[in-house]
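Student: Sending over target_19.cif (mmCIF, N, CA and C atoms).
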```cif
data_query
loop_
_atom_site.label_atom_id
_atom_site.label_comp_id
_atom_site.auth_asym_id
_atom_site.auth_seq_id
_atom_site.Cartn_x
_atom_site.Cartn_y
_atom_site.Cartn_z
N MET A 1 59.01 -13.26 20.38
CA MET A 1 59.91 -12.81 21.41
C MET A 1 59.24 -11.63 22.11
N PRO A 2 59.19 -11.67 23.45
CA PRO A 2 58.54 -10.57 24.17
C PRO A 2 59.37 -9.31 24.10
N SER A 3 58.66 -8.20 24.11
CA SER A 3 59.32 -6.90 24.06
C SER A 3 59.85 -6.55 25.44
N VAL A 4 61.08 -6.10 25.49
CA VAL A 4 61.70 -5.69 26.74
C VAL A 4 61.49 -4.20 26.91
N PRO A 5 60.89 -3.78 28.02
CA PRO A 5 60.68 -2.33 28.19
C PRO A 5 61.99 -1.60 28.43
N TYR A 6 62.09 -0.43 27.88
CA TYR A 6 63.27 0.39 28.07
C TYR A 6 63.11 1.19 29.35
N PRO A 7 64.19 1.38 30.08
CA PRO A 7 64.07 2.21 31.28
C PRO A 7 63.77 3.65 30.89
N ALA A 8 62.99 4.28 31.71
CA ALA A 8 62.64 5.67 31.45
C ALA A 8 63.84 6.56 31.71
N VAL A 9 63.91 7.64 30.96
CA VAL A 9 64.96 8.64 31.19
C VAL A 9 64.57 9.40 32.45
N PRO A 10 65.51 9.60 33.36
CA PRO A 10 65.16 10.34 34.58
C PRO A 10 64.59 11.71 34.24
N SER A 11 63.56 12.08 35.00
CA SER A 11 63.00 13.41 34.78
C SER A 11 63.78 14.42 35.60
N GLY A 12 63.53 15.65 35.35
CA GLY A 12 64.23 16.69 36.09
C GLY A 12 65.08 17.53 35.18
N PRO A 13 65.99 18.28 35.78
CA PRO A 13 66.83 19.17 34.98
C PRO A 13 67.74 18.40 34.03
N ALA A 14 68.16 19.09 32.98
CA ALA A 14 69.00 18.45 31.96
C ALA A 14 70.29 17.92 32.54
N TRP A 15 70.89 18.61 33.51
CA TRP A 15 72.15 18.14 34.06
C TRP A 15 71.98 16.79 34.74
N ARG A 16 70.81 16.52 35.31
CA ARG A 16 70.57 15.22 35.95
C ARG A 16 70.38 14.13 34.90
N ARG A 17 69.69 14.46 33.83
CA ARG A 17 69.49 13.48 32.76
C ARG A 17 70.81 13.17 32.06
N LEU A 18 71.73 14.12 32.03
CA LEU A 18 73.01 13.93 31.34
C LEU A 18 74.07 13.27 32.21
N ALA A 19 73.75 12.91 33.43
CA ALA A 19 74.76 12.34 34.33
C ALA A 19 75.38 11.06 33.78
N VAL A 20 74.57 10.14 33.28
CA VAL A 20 75.12 8.86 32.79
C VAL A 20 75.91 9.06 31.50
N PRO A 21 75.36 9.76 30.48
CA PRO A 21 76.19 9.98 29.30
C PRO A 21 77.48 10.74 29.60
N ALA A 22 77.41 11.70 30.51
CA ALA A 22 78.62 12.47 30.88
C ALA A 22 79.61 11.58 31.60
N GLY A 23 79.12 10.69 32.47
CA GLY A 23 80.00 9.77 33.17
C GLY A 23 80.69 8.82 32.21
N LEU A 24 79.95 8.30 31.24
CA LEU A 24 80.56 7.42 30.24
C LEU A 24 81.58 8.18 29.41
N PHE A 25 81.24 9.40 29.02
CA PHE A 25 82.18 10.22 28.26
C PHE A 25 83.47 10.45 29.06
N ALA A 26 83.33 10.75 30.35
CA ALA A 26 84.50 10.99 31.20
C ALA A 26 85.36 9.73 31.30
N ALA A 27 84.73 8.57 31.42
CA ALA A 27 85.49 7.32 31.51
C ALA A 27 86.24 7.03 30.22
N VAL A 28 85.58 7.20 29.08
CA VAL A 28 86.23 6.94 27.79
C VAL A 28 87.31 7.97 27.54
N ALA A 29 87.04 9.23 27.83
CA ALA A 29 88.05 10.28 27.65
C ALA A 29 89.25 10.02 28.55
N GLY A 30 89.00 9.58 29.78
CA GLY A 30 90.10 9.25 30.69
C GLY A 30 90.94 8.11 30.18
N ALA A 31 90.28 7.08 29.63
CA ALA A 31 91.02 5.93 29.08
C ALA A 31 91.87 6.37 27.88
N PHE A 32 91.28 7.17 27.00
CA PHE A 32 92.05 7.65 25.85
C PHE A 32 93.19 8.57 26.29
N ALA A 33 92.95 9.39 27.30
CA ALA A 33 94.01 10.26 27.81
C ALA A 33 95.15 9.44 28.38
N TYR A 34 94.82 8.38 29.10
CA TYR A 34 95.87 7.52 29.67
C TYR A 34 96.68 6.85 28.56
N VAL A 35 95.98 6.29 27.57
CA VAL A 35 96.69 5.63 26.46
C VAL A 35 97.47 6.66 25.66
N GLY A 36 96.96 7.89 25.57
CA GLY A 36 97.70 8.95 24.88
C GLY A 36 98.95 9.36 25.62
N ALA A 37 98.92 9.27 26.95
CA ALA A 37 100.06 9.69 27.76
C ALA A 37 101.08 8.58 27.94
N VAL A 38 100.63 7.34 28.05
CA VAL A 38 101.51 6.19 28.29
C VAL A 38 101.61 5.41 26.98
N ASP A 39 102.71 5.56 26.30
CA ASP A 39 102.91 5.02 24.95
C ASP A 39 102.92 3.50 24.96
N PRO A 40 101.98 2.86 24.24
CA PRO A 40 101.97 1.40 24.16
C PRO A 40 103.10 0.85 23.28
N ASN A 41 103.78 1.72 22.55
CA ASN A 41 104.91 1.25 21.74
C ASN A 41 106.14 0.98 22.60
N GLN A 42 106.16 1.47 23.83
CA GLN A 42 107.25 1.22 24.76
C GLN A 42 106.95 -0.05 25.54
N PRO A 43 107.86 -1.02 25.58
CA PRO A 43 107.57 -2.28 26.27
C PRO A 43 107.42 -2.08 27.78
N GLY A 44 106.59 -2.95 28.37
CA GLY A 44 106.44 -2.97 29.80
C GLY A 44 105.27 -2.19 30.36
N HIS A 45 104.57 -1.42 29.55
CA HIS A 45 103.46 -0.63 30.07
C HIS A 45 102.13 -1.38 30.04
N TYR A 46 101.94 -2.21 29.05
CA TYR A 46 100.68 -2.93 28.88
C TYR A 46 100.98 -4.41 28.66
N PRO A 47 100.05 -5.29 29.04
CA PRO A 47 100.28 -6.72 28.80
C PRO A 47 100.13 -7.04 27.31
N ALA A 48 100.79 -8.10 26.90
CA ALA A 48 100.69 -8.55 25.50
C ALA A 48 99.35 -9.26 25.30
N CYS A 49 98.88 -9.26 24.08
CA CYS A 49 97.64 -9.97 23.75
C CYS A 49 97.84 -11.46 24.03
N PRO A 50 96.97 -12.08 24.82
CA PRO A 50 97.16 -13.50 25.14
C PRO A 50 97.08 -14.40 23.91
N LEU A 51 96.17 -14.09 22.97
CA LEU A 51 96.07 -14.92 21.76
C LEU A 51 97.35 -14.82 20.95
N TYR A 52 97.86 -13.62 20.78
CA TYR A 52 99.10 -13.45 20.01
C TYR A 52 100.27 -14.12 20.72
N ARG A 53 100.32 -13.97 22.02
CA ARG A 53 101.42 -14.55 22.80
C ARG A 53 101.42 -16.08 22.71
N LEU A 54 100.23 -16.70 22.74
CA LEU A 54 100.15 -18.16 22.72
C LEU A 54 100.21 -18.76 21.33
N THR A 55 99.63 -18.06 20.34
CA THR A 55 99.51 -18.66 19.01
C THR A 55 100.25 -17.92 17.91
N GLY A 56 100.59 -16.66 18.14
CA GLY A 56 101.19 -15.86 17.08
C GLY A 56 100.17 -15.29 16.11
N LEU A 57 98.88 -15.45 16.42
CA LEU A 57 97.81 -14.94 15.57
C LEU A 57 97.31 -13.60 16.12
N TYR A 58 96.95 -12.71 15.21
CA TYR A 58 96.41 -11.41 15.61
C TYR A 58 94.90 -11.51 15.80
N CYS A 59 94.41 -11.04 16.95
CA CYS A 59 92.96 -10.99 17.18
C CYS A 59 92.44 -9.66 16.61
N PRO A 60 91.12 -9.44 16.59
CA PRO A 60 90.62 -8.17 16.06
C PRO A 60 91.08 -6.95 16.87
N GLY A 61 91.43 -7.15 18.13
CA GLY A 61 91.85 -6.04 18.97
C GLY A 61 93.34 -5.76 18.95
N CYS A 62 94.13 -6.67 18.38
CA CYS A 62 95.58 -6.47 18.37
C CYS A 62 95.93 -5.16 17.66
N GLY A 63 96.75 -4.37 18.31
CA GLY A 63 97.13 -3.07 17.78
C GLY A 63 96.17 -1.97 18.19
N GLY A 64 95.13 -2.31 18.95
CA GLY A 64 94.13 -1.33 19.35
C GLY A 64 94.69 -0.23 20.24
N LEU A 65 95.58 -0.58 21.16
CA LEU A 65 96.16 0.45 22.03
C LEU A 65 97.09 1.37 21.25
N ARG A 66 97.89 0.78 20.35
CA ARG A 66 98.76 1.62 19.52
C ARG A 66 97.92 2.52 18.61
N SER A 67 96.82 1.96 18.11
CA SER A 67 95.91 2.73 17.27
C SER A 67 95.28 3.88 18.06
N ALA A 68 94.84 3.61 19.29
CA ALA A 68 94.25 4.66 20.13
C ALA A 68 95.29 5.74 20.45
N HIS A 69 96.53 5.32 20.70
CA HIS A 69 97.59 6.28 20.99
C HIS A 69 97.81 7.21 19.79
N ALA A 70 97.90 6.63 18.61
CA ALA A 70 98.09 7.45 17.41
C ALA A 70 96.87 8.33 17.15
N PHE A 71 95.67 7.80 17.40
CA PHE A 71 94.44 8.56 17.19
C PHE A 71 94.40 9.78 18.12
N VAL A 72 94.78 9.59 19.38
CA VAL A 72 94.80 10.70 20.33
C VAL A 72 95.79 11.78 19.89
N HIS A 73 96.89 11.37 19.30
CA HIS A 73 97.91 12.32 18.86
C HIS A 73 97.64 12.87 17.46
N GLY A 74 96.48 12.53 16.89
CA GLY A 74 96.09 13.08 15.60
C GLY A 74 96.73 12.43 14.40
N ASP A 75 97.39 11.29 14.58
CA ASP A 75 98.04 10.59 13.47
C ASP A 75 97.10 9.51 12.94
N LEU A 76 96.16 9.93 12.10
CA LEU A 76 95.11 9.03 11.63
C LEU A 76 95.66 7.90 10.77
N LEU A 77 96.65 8.17 9.94
CA LEU A 77 97.21 7.11 9.10
C LEU A 77 97.85 6.00 9.92
N THR A 78 98.60 6.38 10.96
CA THR A 78 99.21 5.36 11.82
C THR A 78 98.12 4.62 12.59
N ALA A 79 97.10 5.33 13.03
CA ALA A 79 95.99 4.68 13.74
C ALA A 79 95.31 3.65 12.84
N LEU A 80 95.09 4.00 11.59
CA LEU A 80 94.48 3.05 10.65
C LEU A 80 95.40 1.87 10.37
N ARG A 81 96.70 2.12 10.29
CA ARG A 81 97.66 1.04 10.04
C ARG A 81 97.70 0.07 11.22
N ASP A 82 97.63 0.60 12.44
CA ASP A 82 97.73 -0.25 13.62
C ASP A 82 96.46 -1.08 13.85
N ASN A 83 95.30 -0.50 13.62
CA ASN A 83 94.05 -1.26 13.74
C ASN A 83 92.93 -0.46 13.08
N ALA A 84 92.70 -0.73 11.80
CA ALA A 84 91.69 0.01 11.03
C ALA A 84 90.29 -0.21 11.60
N LEU A 85 90.02 -1.42 12.04
CA LEU A 85 88.71 -1.71 12.62
C LEU A 85 88.51 -0.93 13.92
N GLY A 86 89.56 -0.78 14.69
CA GLY A 86 89.49 0.00 15.92
C GLY A 86 89.10 1.44 15.66
N VAL A 87 89.69 2.04 14.64
CA VAL A 87 89.35 3.44 14.30
C VAL A 87 87.88 3.53 13.90
N ALA A 88 87.40 2.56 13.13
CA ALA A 88 85.98 2.56 12.76
C ALA A 88 85.10 2.44 14.01
N LEU A 89 85.53 1.64 14.97
CA LEU A 89 84.76 1.48 16.21
C LEU A 89 84.81 2.74 17.07
N TYR A 90 85.95 3.45 17.09
CA TYR A 90 86.02 4.71 17.84
C TYR A 90 85.01 5.69 17.27
N LEU A 91 84.98 5.80 15.95
CA LEU A 91 84.07 6.74 15.31
C LEU A 91 82.62 6.31 15.48
N GLY A 92 82.36 5.00 15.39
CA GLY A 92 81.00 4.49 15.61
C GLY A 92 80.52 4.76 17.03
N PHE A 93 81.41 4.59 17.99
CA PHE A 93 81.06 4.90 19.38
C PHE A 93 80.72 6.37 19.52
N ALA A 94 81.50 7.24 18.90
CA ALA A 94 81.25 8.68 18.99
C ALA A 94 79.87 9.03 18.42
N VAL A 95 79.50 8.41 17.31
CA VAL A 95 78.19 8.67 16.71
C VAL A 95 77.07 8.17 17.62
N LEU A 96 77.21 6.95 18.15
CA LEU A 96 76.18 6.41 19.04
C LEU A 96 76.05 7.23 20.32
N TRP A 97 77.18 7.63 20.88
CA TRP A 97 77.16 8.42 22.11
C TRP A 97 76.47 9.77 21.86
N THR A 98 76.76 10.39 20.73
CA THR A 98 76.13 11.67 20.39
C THR A 98 74.63 11.51 20.22
N ALA A 99 74.21 10.47 19.52
CA ALA A 99 72.77 10.23 19.33
C ALA A 99 72.10 9.97 20.68
N TRP A 100 72.75 9.20 21.54
CA TRP A 100 72.21 8.92 22.86
C TRP A 100 72.07 10.21 23.68
N THR A 101 73.09 11.04 23.65
CA THR A 101 73.06 12.28 24.42
C THR A 101 71.96 13.21 23.92
N VAL A 102 71.78 13.29 22.62
CA VAL A 102 70.70 14.12 22.06
C VAL A 102 69.35 13.60 22.52
N GLN A 103 69.17 12.28 22.50
CA GLN A 103 67.90 11.71 22.95
C GLN A 103 67.66 12.00 24.43
N VAL A 104 68.70 11.90 25.24
CA VAL A 104 68.57 12.16 26.68
C VAL A 104 68.20 13.63 26.91
N VAL A 105 68.83 14.54 26.18
CA VAL A 105 68.51 15.97 26.33
C VAL A 105 67.06 16.22 25.96
N ARG A 106 66.57 15.52 24.97
CA ARG A 106 65.17 15.67 24.56
C ARG A 106 64.20 14.96 25.50
N GLY A 107 64.74 14.19 26.46
CA GLY A 107 63.89 13.49 27.42
C GLY A 107 63.34 12.18 26.91
N ARG A 108 63.97 11.61 25.91
CA ARG A 108 63.52 10.34 25.33
C ARG A 108 64.57 9.27 25.59
N PRO A 109 64.12 8.02 25.74
CA PRO A 109 65.11 6.95 25.90
C PRO A 109 65.75 6.62 24.55
N MET A 110 66.97 6.12 24.58
CA MET A 110 67.67 5.70 23.36
C MET A 110 67.19 4.29 23.02
N ARG A 111 66.65 4.14 21.87
CA ARG A 111 66.16 2.82 21.44
C ARG A 111 67.11 2.28 20.39
N LEU A 112 67.82 1.25 20.78
CA LEU A 112 68.76 0.61 19.88
C LEU A 112 68.35 -0.85 19.76
N GLU A 113 67.72 -1.18 18.66
CA GLU A 113 67.21 -2.53 18.45
C GLU A 113 67.79 -3.09 17.15
N PRO A 114 69.03 -3.54 17.19
CA PRO A 114 69.61 -4.07 15.96
C PRO A 114 68.95 -5.38 15.55
N ARG A 115 68.71 -5.53 14.29
CA ARG A 115 68.14 -6.76 13.77
C ARG A 115 69.20 -7.86 13.83
N PRO A 116 68.77 -9.10 13.92
CA PRO A 116 69.75 -10.19 13.96
C PRO A 116 70.71 -10.17 12.77
N ALA A 117 70.22 -9.76 11.61
CA ALA A 117 71.08 -9.71 10.43
C ALA A 117 72.24 -8.73 10.64
N TYR A 118 71.99 -7.62 11.33
CA TYR A 118 73.04 -6.64 11.61
C TYR A 118 74.09 -7.24 12.55
N LEU A 119 73.62 -7.95 13.57
CA LEU A 119 74.55 -8.58 14.51
C LEU A 119 75.39 -9.66 13.82
N TRP A 120 74.77 -10.44 12.96
CA TRP A 120 75.52 -11.44 12.20
C TRP A 120 76.51 -10.75 11.27
N GLY A 121 76.11 -9.63 10.70
CA GLY A 121 77.01 -8.87 9.82
C GLY A 121 78.22 -8.36 10.57
N ILE A 122 78.01 -7.84 11.78
CA ILE A 122 79.13 -7.37 12.60
C ILE A 122 80.06 -8.52 12.93
N GLY A 123 79.48 -9.66 13.30
CA GLY A 123 80.30 -10.84 13.57
C GLY A 123 81.09 -11.29 12.34
N ALA A 124 80.46 -11.22 11.17
CA ALA A 124 81.15 -11.60 9.94
C ALA A 124 82.30 -10.66 9.63
N VAL A 125 82.09 -9.35 9.85
CA VAL A 125 83.16 -8.38 9.61
C VAL A 125 84.34 -8.65 10.54
N LEU A 126 84.05 -8.91 11.82
CA LEU A 126 85.12 -9.23 12.77
C LEU A 126 85.88 -10.49 12.36
N LEU A 127 85.14 -11.52 11.93
CA LEU A 127 85.77 -12.77 11.52
C LEU A 127 86.62 -12.58 10.28
N VAL A 128 86.08 -11.90 9.28
CA VAL A 128 86.84 -11.67 8.03
C VAL A 128 88.07 -10.81 8.32
N PHE A 129 87.92 -9.77 9.12
CA PHE A 129 89.06 -8.93 9.49
C PHE A 129 90.15 -9.76 10.17
N THR A 130 89.74 -10.63 11.09
CA THR A 130 90.70 -11.46 11.81
C THR A 130 91.40 -12.44 10.88
N VAL A 131 90.65 -13.08 10.01
CA VAL A 131 91.25 -14.06 9.09
C VAL A 131 92.18 -13.37 8.11
N VAL A 132 91.73 -12.27 7.51
CA VAL A 132 92.54 -11.59 6.50
C VAL A 132 93.83 -11.04 7.10
N ARG A 133 93.77 -10.49 8.30
CA ARG A 133 94.99 -9.91 8.88
C ARG A 133 96.00 -10.97 9.27
N ASN A 134 95.58 -12.25 9.33
CA ASN A 134 96.50 -13.33 9.66
C ASN A 134 96.98 -14.09 8.43
N LEU A 135 96.49 -13.75 7.25
CA LEU A 135 96.97 -14.37 6.02
C LEU A 135 98.26 -13.69 5.57
N PRO A 136 99.11 -14.41 4.84
CA PRO A 136 100.34 -13.76 4.33
C PRO A 136 100.03 -12.54 3.46
N SER A 137 98.94 -12.57 2.70
CA SER A 137 98.60 -11.43 1.85
C SER A 137 97.95 -10.29 2.65
N GLY A 138 97.62 -10.52 3.91
CA GLY A 138 96.98 -9.50 4.72
C GLY A 138 97.96 -8.76 5.60
N GLY A 139 99.22 -8.77 5.23
CA GLY A 139 100.25 -8.10 6.02
C GLY A 139 99.99 -6.62 6.21
N TRP A 140 99.24 -6.00 5.31
CA TRP A 140 98.93 -4.58 5.44
C TRP A 140 97.98 -4.30 6.60
N LEU A 141 97.36 -5.37 7.16
CA LEU A 141 96.47 -5.22 8.31
C LEU A 141 97.15 -5.61 9.62
N HIS A 142 98.43 -6.01 9.57
CA HIS A 142 99.14 -6.34 10.79
C HIS A 142 99.40 -5.08 11.60
N PRO A 143 99.28 -5.19 12.94
CA PRO A 143 99.57 -4.00 13.76
C PRO A 143 101.06 -3.68 13.76
#
```
Now, as a test, write the supplied structure out as structure tokens.

Tutor:
Amino acid sequence: MPSVPYPAVPSGPAWRRLAVPAGLFAAVAGAFAYVGAVDPNQPGHYPACPLYRLTGLYCPGCGGLRSAHAFVHGDLLTALRDNALGVALYLGFAVLWTAWTVQVVRGRPMRLEPRPAYLWGIGAVLLVFTVVRNLPSGGWLHP
């Protein structure tokens, strides 16, 4: 498989190099602020999950908005109850964003080359999470 070149980090002052990570941070912070302000537990604010609406099955994202709302308000136990995988993804995103920002400040590109086994592992975790939360014994994973 040919190697794909990574784009170079823009040269210049640090504020210019930080424009993209800062923009992504602002977008994610804005989304979390909106979900924190507009309660997903109140009907009519957000659309229902199409998979749940059509089949009655919970997808891996079901409960994600309620989880984000609880996470923003500092209620970690409720956030974990609503979507434990979502909380893990929030924290994983924060770690990756921090590592990316540090690399950009140092003037280096972020190199993220996951091995196929890692990608298959992530897919397996999503599949197992989805199956278990839809089993009668997996009621503790229901949003």

Student: List the neighbours of segment 68-72 of chain A out to 8 Å using all atoms listed in the file; skip same-chain residues closer than 3 positions along the sequence, and give me the result as a PyMOL selection string.

Tutor: chain A and resi 32-41+63-65+75-80+82-83+86-87

Student: Taking only C-alpha atoms into account, name the residue in A:Gly107, A:Arg53, A:Gly30, A:Pro143 that is nearest to Thr130 of chain A.

Tutor: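 The shortest atom-to-atom distance to Thr130 of chain A comes from A:Pro143.
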
Student: Within chain A, find each residue whose DSSP state, derived from the backbone, is alpha helix (DSSP H), and express the selection as a ChimeraX atom specification.

Tutor: /A:14-17,19-37,50-55,64-72,76-105,116-134

Student: Quick one, how far is atom C of Arg66 of chain A from atom C of Leu89 of chain A?

Tutor: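 Computed distance, atom C of Arg66 of chain A to atom C of Leu89 of chain A, equals 13.2 Å.
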
Student: One number please: atom C of Trp140 of chain A to atom C of Phe93 of chain A, in Å, one decimal.

Tutor: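 Result for atom C of Trp140 of chain A versus atom C of Phe93 of chain A: 24.1 Å, one decimal.
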
Student: So what does the PyMOL selection byres (((chain A and resi 97 and name CA) around 12) and name CA) actually pick up in this one, as a PyMOL selection string?

Tutor: chain A and resi 18+20-26+28+89-96+98-104+110+112

Student: Atom CA of Trp120 of chain A and atom CA of Leu141 of chain A, how far apart in Å?

Tutor: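 Distance reported for this atom pair: 22.2 Å.
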
Student: List the neighbours of segment 127-129 of chain A out to 6.5 Å using only N, CA and C atoms; skip same-chain residues closer than 5 positions along the sequence, and give me the result as a PDB file with N, CA and C atoms, in the frame of the given file.

Tutor:
```pdb
ATOM      1  N   PRO A  60      91.120  -9.440  16.590  1.00  0.00           N
ATOM      2  CA  PRO A  60      90.620  -8.170  16.060  1.00  0.00           C
ATOM      3  C   PRO A  60      91.080  -6.950  16.870  1.00  0.00           C
ATOM      4  N   ILE A 122      78.010  -7.840  11.780  1.00  0.00           N
ATOM      5  CA  ILE A 122      79.130  -7.370  12.600  1.00  0.00           C
ATOM      6  C   ILE A 122      80.060  -8.520  12.930  1.00  0.00           C
ATOM      7  N   ASN A 134      95.580 -12.250   9.330  1.00  0.00           N
ATOM      8  CA  ASN A 134      96.500 -13.330   9.660  1.00  0.00           C
ATOM      9  C   ASN A 134      96.980 -14.090   8.430  1.00  0.00           C
TER      10      ASN A 134
END
```

Student: Have a look at A:Cys59, A:Leu51, A:Val105, A:Ala29 and name the one nearest to Ala14 of chain A; count only N, CA and C atoms.

Tutor: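 The shortest atom-to-atom distance to Ala14 of chain A comes from A:Val105.
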